[in-house]
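Student: For reference, this is coords.cif, and it has mmCIF, N, CA and C atoms and all ligand atoms.
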data_query
loop_
_atom_site.label_atom_id
_atom_site.label_comp_id
_atom_site.auth_asym_id
_atom_site.auth_seq_id
_atom_site.Cartn_x
_atom_site.Cartn_y
_atom_site.Cartn_z
N MET A 30 -4.61 14.31 92.19
CA MET A 30 -4.09 14.46 90.82
C MET A 30 -5.08 15.21 89.95
N SER A 31 -4.66 16.26 89.40
CA SER A 31 -5.56 17.02 88.56
C SER A 31 -5.16 16.87 87.09
N GLY A 32 -5.29 15.70 86.61
CA GLY A 32 -4.93 15.48 85.19
C GLY A 32 -6.16 15.65 84.31
N SER A 33 -5.98 16.39 83.26
CA SER A 33 -7.08 16.53 82.32
C SER A 33 -7.15 15.28 81.45
N GLY A 34 -8.25 14.63 81.56
CA GLY A 34 -8.35 13.36 80.84
C GLY A 34 -8.78 13.53 79.41
N GLN A 35 -7.95 14.25 78.68
CA GLN A 35 -8.31 14.44 77.27
C GLN A 35 -7.85 13.25 76.43
N ASP A 36 -8.77 12.78 75.72
CA ASP A 36 -8.41 11.67 74.82
C ASP A 36 -7.82 12.23 73.52
N ASP A 37 -6.76 11.65 73.15
CA ASP A 37 -6.21 12.05 71.85
C ASP A 37 -7.16 11.64 70.74
N LEU A 38 -7.37 12.58 69.84
CA LEU A 38 -8.21 12.24 68.70
C LEU A 38 -7.45 11.30 67.79
N LYS A 39 -8.11 10.25 67.55
CA LYS A 39 -7.45 9.29 66.66
C LYS A 39 -7.91 9.51 65.23
N GLU A 40 -6.93 9.62 64.39
CA GLU A 40 -7.28 9.77 62.98
C GLU A 40 -6.98 8.48 62.24
N PHE A 41 -7.96 8.09 61.55
CA PHE A 41 -7.76 6.88 60.76
C PHE A 41 -7.41 7.27 59.33
N ASN A 42 -6.19 7.08 59.04
CA ASN A 42 -5.79 7.34 57.66
C ASN A 42 -6.01 6.08 56.83
N GLU A 43 -7.19 6.02 56.33
CA GLU A 43 -7.49 4.84 55.53
C GLU A 43 -6.87 4.97 54.16
N ARG A 44 -6.14 4.00 53.81
CA ARG A 44 -5.51 4.02 52.51
C ARG A 44 -6.47 3.40 51.50
N THR A 45 -6.92 4.27 50.61
CA THR A 45 -7.88 3.77 49.62
C THR A 45 -7.18 3.26 48.37
N PHE A 46 -5.91 3.65 48.21
CA PHE A 46 -5.20 3.17 47.03
C PHE A 46 -4.68 1.76 47.28
N PRO A 47 -5.00 0.89 46.39
CA PRO A 47 -4.47 -0.46 46.55
C PRO A 47 -2.98 -0.49 46.24
N SER A 48 -2.29 -1.35 46.88
CA SER A 48 -0.88 -1.48 46.56
C SER A 48 -0.75 -2.19 45.22
N GLU A 49 0.41 -2.09 44.65
CA GLU A 49 0.55 -2.58 43.27
C GLU A 49 0.29 -4.07 43.14
N GLU A 50 0.46 -4.76 44.25
CA GLU A 50 0.21 -6.22 44.17
C GLU A 50 -1.27 -6.51 44.04
N GLU A 51 -2.08 -5.50 44.38
CA GLU A 51 -3.52 -5.75 44.37
C GLU A 51 -4.15 -5.54 43.00
N PHE A 52 -3.39 -5.00 42.07
CA PHE A 52 -3.94 -4.86 40.73
C PHE A 52 -4.11 -6.24 40.10
N GLN A 53 -5.31 -6.47 39.66
CA GLN A 53 -5.59 -7.76 39.05
C GLN A 53 -6.01 -7.58 37.61
N ASP A 54 -5.75 -8.59 36.82
CA ASP A 54 -6.13 -8.54 35.42
C ASP A 54 -7.64 -8.33 35.29
N VAL A 55 -8.00 -7.45 34.40
CA VAL A 55 -9.42 -7.15 34.18
C VAL A 55 -9.75 -7.47 32.74
N GLU A 56 -10.93 -8.03 32.53
CA GLU A 56 -11.35 -8.33 31.16
C GLU A 56 -12.27 -7.20 30.69
N ILE A 57 -11.92 -6.65 29.51
CA ILE A 57 -12.70 -5.55 28.95
C ILE A 57 -13.12 -5.90 27.53
N ASP A 58 -14.35 -5.54 27.18
CA ASP A 58 -14.81 -5.78 25.80
C ASP A 58 -14.35 -4.63 24.92
N CYS A 59 -13.67 -4.96 23.85
CA CYS A 59 -13.19 -3.95 22.91
C CYS A 59 -14.38 -3.28 22.22
N VAL A 60 -14.36 -1.95 22.13
CA VAL A 60 -15.49 -1.24 21.52
C VAL A 60 -15.48 -1.39 20.00
N ASP A 61 -14.34 -1.73 19.44
CA ASP A 61 -14.25 -1.84 17.98
C ASP A 61 -14.61 -3.23 17.48
N CYS A 62 -13.94 -4.25 18.00
CA CYS A 62 -14.16 -5.60 17.48
C CYS A 62 -15.06 -6.42 18.40
N GLY A 63 -15.36 -5.91 19.60
CA GLY A 63 -16.26 -6.61 20.50
C GLY A 63 -15.64 -7.79 21.22
N GLN A 64 -14.37 -8.04 20.95
CA GLN A 64 -13.69 -9.16 21.59
C GLN A 64 -13.16 -8.72 22.96
N PRO A 65 -13.33 -9.60 23.96
CA PRO A 65 -12.76 -9.26 25.27
C PRO A 65 -11.25 -9.33 25.24
N PHE A 66 -10.61 -8.39 25.92
CA PHE A 66 -9.17 -8.43 26.03
C PHE A 66 -8.77 -8.20 27.49
N ILE A 67 -7.57 -8.57 27.81
CA ILE A 67 -7.12 -8.49 29.20
C ILE A 67 -6.37 -7.19 29.44
N TRP A 68 -6.85 -6.46 30.41
CA TRP A 68 -6.13 -5.27 30.88
C TRP A 68 -5.32 -5.74 32.10
N THR A 69 -4.07 -5.94 31.89
CA THR A 69 -3.27 -6.59 32.92
C THR A 69 -2.98 -5.65 34.09
N GLY A 70 -2.66 -6.26 35.22
CA GLY A 70 -2.33 -5.47 36.41
C GLY A 70 -1.18 -4.51 36.15
N GLY A 71 -0.20 -4.98 35.38
CA GLY A 71 0.95 -4.13 35.05
C GLY A 71 0.53 -2.89 34.27
N GLU A 72 -0.41 -3.09 33.36
CA GLU A 72 -0.89 -1.95 32.56
C GLU A 72 -1.71 -0.99 33.42
N GLN A 73 -2.41 -1.56 34.40
CA GLN A 73 -3.19 -0.71 35.30
C GLN A 73 -2.26 0.18 36.12
N VAL A 74 -1.13 -0.38 36.53
CA VAL A 74 -0.14 0.41 37.26
C VAL A 74 0.38 1.52 36.36
N PHE A 75 0.63 1.18 35.11
CA PHE A 75 1.11 2.14 34.12
C PHE A 75 0.09 3.27 33.94
N PHE A 76 -1.18 2.88 33.83
CA PHE A 76 -2.24 3.88 33.66
C PHE A 76 -2.30 4.80 34.87
N ARG A 77 -2.22 4.21 36.06
CA ARG A 77 -2.30 5.01 37.27
C ARG A 77 -1.11 5.97 37.35
N ASP A 78 0.06 5.46 37.02
CA ASP A 78 1.26 6.30 37.06
C ASP A 78 1.15 7.46 36.09
N LYS A 79 0.47 7.20 34.97
CA LYS A 79 0.30 8.25 33.96
C LYS A 79 -0.81 9.21 34.32
N GLY A 80 -1.56 8.88 35.37
CA GLY A 80 -2.67 9.73 35.78
C GLY A 80 -3.91 9.52 34.94
N LEU A 81 -3.95 8.40 34.21
CA LEU A 81 -5.12 8.12 33.38
C LEU A 81 -6.21 7.49 34.24
N LYS A 82 -7.42 8.05 34.11
CA LYS A 82 -8.50 7.58 34.98
C LYS A 82 -9.40 6.56 34.31
N HIS A 83 -9.34 6.51 33.00
CA HIS A 83 -10.25 5.61 32.32
C HIS A 83 -9.51 4.41 31.75
N PRO A 84 -10.08 3.26 31.92
CA PRO A 84 -9.46 2.06 31.36
C PRO A 84 -9.49 2.10 29.84
N PRO A 85 -8.64 1.34 29.19
CA PRO A 85 -8.63 1.33 27.72
C PRO A 85 -9.95 0.79 27.18
N LYS A 86 -10.30 1.23 25.98
CA LYS A 86 -11.56 0.79 25.38
C LYS A 86 -11.32 -0.22 24.28
N ARG A 87 -10.09 -0.23 23.77
CA ARG A 87 -9.83 -1.08 22.63
C ARG A 87 -8.72 -2.08 22.92
N CYS A 88 -8.81 -3.22 22.27
CA CYS A 88 -7.73 -4.19 22.38
C CYS A 88 -6.53 -3.63 21.62
N LYS A 89 -5.40 -4.24 21.80
CA LYS A 89 -4.18 -3.68 21.22
C LYS A 89 -4.23 -3.56 19.69
N PRO A 90 -4.65 -4.62 18.98
CA PRO A 90 -4.70 -4.49 17.50
C PRO A 90 -5.63 -3.37 17.06
N CYS A 91 -6.79 -3.23 17.73
CA CYS A 91 -7.73 -2.19 17.33
C CYS A 91 -7.18 -0.81 17.67
N LYS A 92 -6.49 -0.72 18.79
CA LYS A 92 -5.91 0.57 19.18
C LYS A 92 -4.86 0.99 18.16
N LYS A 93 -4.08 0.00 17.75
CA LYS A 93 -3.03 0.27 16.77
C LYS A 93 -3.66 0.70 15.45
N ALA A 94 -4.69 -0.03 15.04
CA ALA A 94 -5.37 0.29 13.78
C ALA A 94 -5.97 1.68 13.84
N LYS A 95 -6.54 2.03 14.98
CA LYS A 95 -7.16 3.35 15.13
C LYS A 95 -6.09 4.43 15.06
N ASN A 96 -4.97 4.20 15.72
CA ASN A 96 -3.89 5.18 15.70
C ASN A 96 -3.36 5.37 14.29
N GLU A 97 -3.24 4.26 13.57
CA GLU A 97 -2.74 4.35 12.19
C GLU A 97 -3.72 5.11 11.32
N ARG A 98 -5.01 4.86 11.56
CA ARG A 98 -6.05 5.54 10.80
C ARG A 98 -5.98 7.05 11.06
N LEU A 99 -5.90 7.41 12.34
CA LEU A 99 -5.82 8.82 12.70
C LEU A 99 -4.56 9.44 12.12
N ASP A 100 -3.49 8.68 12.20
CA ASP A 100 -2.21 9.15 11.70
C ASP A 100 -2.30 9.47 10.22
N ALA A 101 -2.93 8.56 9.47
CA ALA A 101 -3.07 8.75 8.02
C ALA A 101 -3.90 9.99 7.72
N VAL A 102 -4.98 10.18 8.48
CA VAL A 102 -5.84 11.34 8.27
C VAL A 102 -5.08 12.62 8.59
N MET A 103 -4.35 12.58 9.72
CA MET A 103 -3.58 13.77 10.13
C MET A 103 -2.54 14.13 9.09
N LYS A 104 -1.87 13.10 8.60
CA LYS A 104 -0.82 13.34 7.61
C LYS A 104 -1.42 13.91 6.33
N ALA A 105 -2.55 13.34 5.93
CA ALA A 105 -3.20 13.81 4.70
C ALA A 105 -3.65 15.25 4.87
N GLN A 106 -4.18 15.56 6.05
CA GLN A 106 -4.65 16.92 6.28
C GLN A 106 -3.47 17.89 6.36
N ALA A 107 -2.39 17.45 6.98
CA ALA A 107 -1.21 18.30 7.10
C ALA A 107 -0.60 18.57 5.74
N ALA A 108 -0.64 17.55 4.90
CA ALA A 108 -0.04 17.68 3.58
C ALA A 108 -0.95 18.46 2.63
N GLY A 109 -2.22 18.58 3.01
CA GLY A 109 -3.15 19.33 2.19
C GLY A 109 -3.35 18.68 0.85
N LEU A 110 -3.34 19.49 -0.20
CA LEU A 110 -3.60 18.96 -1.53
C LEU A 110 -2.36 18.34 -2.16
N LYS A 111 -1.25 18.51 -1.49
CA LYS A 111 -0.02 17.98 -2.07
C LYS A 111 -0.05 16.46 -2.12
N GLN A 112 -0.70 15.90 -1.09
CA GLN A 112 -0.78 14.44 -1.08
C GLN A 112 -2.09 13.99 -1.69
N ARG A 113 -1.98 12.98 -2.51
CA ARG A 113 -3.16 12.50 -3.19
C ARG A 113 -3.83 11.44 -2.34
N VAL A 114 -5.05 11.71 -1.94
CA VAL A 114 -5.79 10.69 -1.18
C VAL A 114 -7.01 10.29 -1.97
N GLU A 115 -7.42 9.08 -1.78
CA GLU A 115 -8.64 8.62 -2.45
C GLU A 115 -9.52 7.96 -1.41
N VAL A 116 -10.67 8.55 -1.20
CA VAL A 116 -11.60 8.00 -0.24
C VAL A 116 -12.85 7.55 -1.00
N SER A 117 -13.23 6.31 -0.74
CA SER A 117 -14.39 5.76 -1.43
C SER A 117 -15.67 6.28 -0.77
N VAL A 118 -16.53 6.90 -1.58
CA VAL A 118 -17.79 7.43 -1.05
C VAL A 118 -18.92 7.14 -2.02
N THR A 119 -20.13 7.35 -1.56
CA THR A 119 -21.30 7.22 -2.41
C THR A 119 -21.83 8.62 -2.69
N CYS A 120 -22.02 8.91 -3.95
CA CYS A 120 -22.49 10.23 -4.34
C CYS A 120 -23.88 10.50 -3.74
N ALA A 121 -24.03 11.66 -3.12
CA ALA A 121 -25.29 12.00 -2.46
C ALA A 121 -26.37 12.37 -3.47
N ARG A 122 -25.98 12.54 -4.72
CA ARG A 122 -26.95 12.98 -5.72
C ARG A 122 -27.40 11.83 -6.61
N CYS A 123 -26.45 11.12 -7.20
CA CYS A 123 -26.83 10.05 -8.11
C CYS A 123 -26.64 8.67 -7.50
N GLY A 124 -26.02 8.60 -6.32
CA GLY A 124 -25.89 7.32 -5.63
C GLY A 124 -24.79 6.44 -6.17
N GLU A 125 -23.98 6.96 -7.05
CA GLU A 125 -22.90 6.15 -7.61
C GLU A 125 -21.69 6.11 -6.69
N GLN A 126 -21.04 4.97 -6.72
CA GLN A 126 -19.82 4.83 -5.94
C GLN A 126 -18.70 5.58 -6.64
N THR A 127 -17.99 6.37 -5.87
CA THR A 127 -16.92 7.16 -6.47
C THR A 127 -15.82 7.39 -5.45
N THR A 128 -14.75 7.98 -5.88
CA THR A 128 -13.70 8.34 -4.94
C THR A 128 -13.48 9.84 -4.97
N VAL A 129 -13.16 10.39 -3.82
CA VAL A 129 -12.89 11.82 -3.73
C VAL A 129 -11.49 12.03 -3.17
N PRO A 130 -10.84 13.10 -3.57
CA PRO A 130 -9.46 13.33 -3.13
C PRO A 130 -9.37 14.03 -1.79
N PHE A 131 -10.31 13.76 -0.89
CA PHE A 131 -10.24 14.36 0.45
C PHE A 131 -11.04 13.49 1.41
N TYR A 132 -10.88 13.75 2.69
CA TYR A 132 -11.64 13.02 3.68
C TYR A 132 -12.90 13.80 4.00
N PRO A 133 -14.05 13.29 3.54
CA PRO A 133 -15.30 14.02 3.78
C PRO A 133 -15.65 14.04 5.26
N SER A 134 -16.15 15.16 5.74
CA SER A 134 -16.56 15.20 7.13
C SER A 134 -17.96 14.62 7.25
N GLN A 135 -18.21 14.04 8.40
CA GLN A 135 -19.47 13.33 8.59
C GLN A 135 -20.66 14.26 8.52
N GLY A 136 -21.71 13.77 7.90
CA GLY A 136 -22.93 14.55 7.84
C GLY A 136 -23.01 15.48 6.64
N ARG A 137 -21.88 15.61 5.94
CA ARG A 137 -21.90 16.48 4.77
C ARG A 137 -21.99 15.64 3.52
N PRO A 138 -22.86 16.03 2.60
CA PRO A 138 -23.02 15.24 1.38
C PRO A 138 -21.77 15.31 0.50
N VAL A 139 -21.49 14.19 -0.14
CA VAL A 139 -20.35 14.14 -1.05
C VAL A 139 -20.88 13.75 -2.42
N TYR A 140 -20.38 14.42 -3.44
CA TYR A 140 -20.86 14.16 -4.79
C TYR A 140 -19.75 13.60 -5.67
N CYS A 141 -20.17 12.83 -6.65
CA CYS A 141 -19.20 12.34 -7.60
C CYS A 141 -18.75 13.51 -8.48
N ARG A 142 -17.75 13.25 -9.27
CA ARG A 142 -17.13 14.33 -10.04
C ARG A 142 -18.13 15.03 -10.98
N SER A 143 -18.89 14.20 -11.70
CA SER A 143 -19.81 14.81 -12.68
C SER A 143 -20.92 15.60 -11.99
N CYS A 144 -21.43 15.07 -10.87
CA CYS A 144 -22.47 15.80 -10.15
C CYS A 144 -21.90 17.08 -9.58
N PHE A 145 -20.70 17.00 -9.07
CA PHE A 145 -20.07 18.17 -8.47
C PHE A 145 -19.89 19.26 -9.51
N LEU A 146 -19.41 18.86 -10.70
CA LEU A 146 -19.19 19.83 -11.76
C LEU A 146 -20.51 20.39 -12.27
N GLU A 147 -21.54 19.55 -12.28
CA GLU A 147 -22.86 20.02 -12.72
C GLU A 147 -23.39 21.07 -11.76
N MET A 148 -23.15 20.85 -10.48
CA MET A 148 -23.66 21.76 -9.46
C MET A 148 -22.77 23.00 -9.30
N ASN A 149 -21.52 22.85 -9.71
CA ASN A 149 -20.61 23.98 -9.64
C ASN A 149 -20.02 24.27 -11.01
N PRO A 150 -20.85 24.77 -11.92
CA PRO A 150 -20.40 24.94 -13.31
C PRO A 150 -19.22 25.90 -13.42
N GLY A 151 -19.07 26.77 -12.48
CA GLY A 151 -17.97 27.73 -12.55
C GLY A 151 -16.61 27.08 -12.48
N THR A 152 -16.56 25.88 -11.96
CA THR A 152 -15.25 25.23 -11.78
C THR A 152 -14.83 24.46 -13.00
N ILE A 153 -15.72 24.35 -14.00
CA ILE A 153 -15.35 23.61 -15.20
C ILE A 153 -14.47 24.49 -16.11
N PRO A 154 -13.32 24.01 -16.44
CA PRO A 154 -12.48 24.80 -17.36
C PRO A 154 -12.99 24.65 -18.78
N THR A 155 -13.87 25.52 -19.17
CA THR A 155 -14.47 25.43 -20.51
C THR A 155 -13.55 26.04 -21.55
N ASP A 156 -13.45 25.36 -22.70
CA ASP A 156 -12.57 25.89 -23.74
C ASP A 156 -13.35 26.58 -24.87
N ASN A 157 -14.61 26.18 -25.02
CA ASN A 157 -15.38 26.83 -26.08
C ASN A 157 -16.51 27.64 -25.46
N HIS A 158 -16.18 28.68 -24.82
CA HIS A 158 -17.17 29.50 -24.16
C HIS A 158 -17.14 30.92 -24.68
ZN ZN B 1 -10.54 -4.96 19.21
ZN ZN B 2 -23.22 11.77 -8.73
#
Let me see the structure of the file written as structure tokens.
Ligand SMILES: [Zn+2]
Ligand SMILES: [Zn+2]

Tutor:
Amino acid sequence: MSGSGQDDLKEFNERTFPSEEEFQDVEIDCVDCGQPFIWTGGEQVFFRDKGLKHPPKRCKPCKKAKNERLDAVMKAQAAGLKQRVEVSVTCARCGEQTTVPFYPSQGRPVYCRSCFLEMNPGTIPTDNH
């Protein structure tokens, strides 16, 4: 018998993805309030189905609050000057608490009305000039 004793190469298809039953509830600390919340197995399946690779960082109330915050900023920016916004800030010049009709970007100094007008005299509508 002249049989070639070739062994079939065996391929091990290791399944690295756990089946849906293997998803277990995970406890995650919320980055906003610091409280641990449960990332349920069902939500993990949802995340995987959506192709999301990172687990959530915030608990549901904080996530909702953050979305509402972003939403408000987006709406205010989209509406431009038509919508009146009031953001509480501390004047970078005199240190007084004041409100400004826009959302100041981080790292940029914000001034109260009188300081702003003092620094930008051209914007004052003078009547006796
Ligand atoms: Zn939270
Ligand atoms: Zn000021």

Student: Return as a PyMOL selection string the residues of protein, DNA or RNA that approach ligand ZN 1 (chain B) to within 8 Å, with only C-alpha atoms and all ligand atoms taken into account.

Tutor: chain A and resi 58-66+87-92

Student: Would you mind writing down, as JSON, numbers by chain, each residue of segment 35-141 of chain A that DSSP on the backbone assigns to alpha helix (DSSP H)?

Tutor: {"A": [70, 71, 72, 73, 74, 75, 76, 77, 78, 79, 89, 90, 91, 92, 93, 94, 95, 96, 97, 98, 99, 100, 101, 102, 103, 104, 105, 106, 107, 108]}

Student: In Å, rounded to a single decimal, give me how far atom C of Arg137 of chain A is from atom CA of Arg98 of chain A.

Tutor: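 These two atoms are separated by 20.2 Å.
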
Student: Which residues come within 8 Å of Tyr132 of chain A, counting all atoms listed in the file, excluding same-chain residues fewer than 2 positions away, as a PyMOL selection string?

Tutor: chain A and resi 102+105-106+114-116+129-130+134-135

Student: Distance atom CA of Ser117 of chain A-atom C of Asn149 of chain A, one decimal place?

Tutor: 21.6 Å

Student: Could you pull out the residues sitting within 6.5 Å of ligand ZN 2 (chain B), using all atoms listed in the file, and write them as a list in words?

Tutor: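 These are the residues that qualify: Cys120, Ala121, Arg122, Cys123, Gly124, Glu125, Tyr140, Cys141, Arg142, Ser143, Cys144 and Phe145 of chain A.
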
Student: So that I can check the surroundings of segment 51-54 of chain A, please list as a list in words every protein, DNA and RNA residue that reaches within 8 Å of it, counting all atoms listed in the file and ignoring chain neighbours fewer than 5 positions away.

Tutor: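 Surrounding residues, per the criterion: Phe66, Ile67, Trp68, Thr69, Gly70, Gly71, Gln73 and Val74 of chain A.
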
Student: Grab the atom CA of Gln126 of chain A to atom CA of Val139 of chain A distance for me, in Å with one decimal place.

Tutor: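 Pair atom CA of Gln126 of chain A / atom CA of Val139 of chain A returns 10.5 Å.
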
Student: Starting from the structure just given, write a file holding segment 86-116 of chain A with C-alpha atoms, as a CSV table (one decimal), in the first residue's frame.

Tutor:
chain,number,residue,atom,x,y,z
A,86,LYS,CA,-18.8,56.2,31.9
A,87,ARG,CA,-21.9,57.7,33.4
A,88,CYS,CA,-24.9,56.4,35.3
A,89,LYS,CA,-28.2,57.0,33.6
A,90,PRO,CA,-29.2,60.2,35.5
A,91,CYS,CA,-25.8,61.7,34.9
A,92,LYS,CA,-25.8,60.7,31.2
A,93,LYS,CA,-29.2,62.3,30.8
A,94,ALA,CA,-28.1,65.4,32.6
A,95,LYS,CA,-25.0,65.7,30.4
A,96,ASN,CA,-27.1,65.2,27.2
A,97,GLU,CA,-29.5,67.9,28.4
A,98,ARG,CA,-26.6,70.2,29.1
A,99,LEU,CA,-25.1,69.6,25.7
A,100,ASP,CA,-28.5,70.0,24.1
A,101,ALA,CA,-29.0,73.4,25.8
A,102,VAL,CA,-25.6,74.6,24.7
A,103,MET,CA,-26.2,73.4,21.1
A,104,LYS,CA,-29.5,75.0,21.0
A,105,ALA,CA,-28.2,78.3,22.3
A,106,GLN,CA,-25.3,78.2,19.8
A,107,ALA,CA,-27.6,77.3,17.0
A,108,ALA,CA,-30.0,80.1,17.9
A,109,GLY,CA,-27.1,82.5,18.2
A,110,LEU,CA,-28.0,85.9,19.6
A,111,LYS,CA,-31.7,85.4,19.1
A,112,GLN,CA,-31.9,83.3,22.2
A,113,ARG,CA,-31.2,85.0,25.5
A,114,VAL,CA,-28.8,83.0,27.6
A,115,GLU,CA,-27.5,83.9,31.0
A,116,VAL,CA,-24.4,82.2,32.2
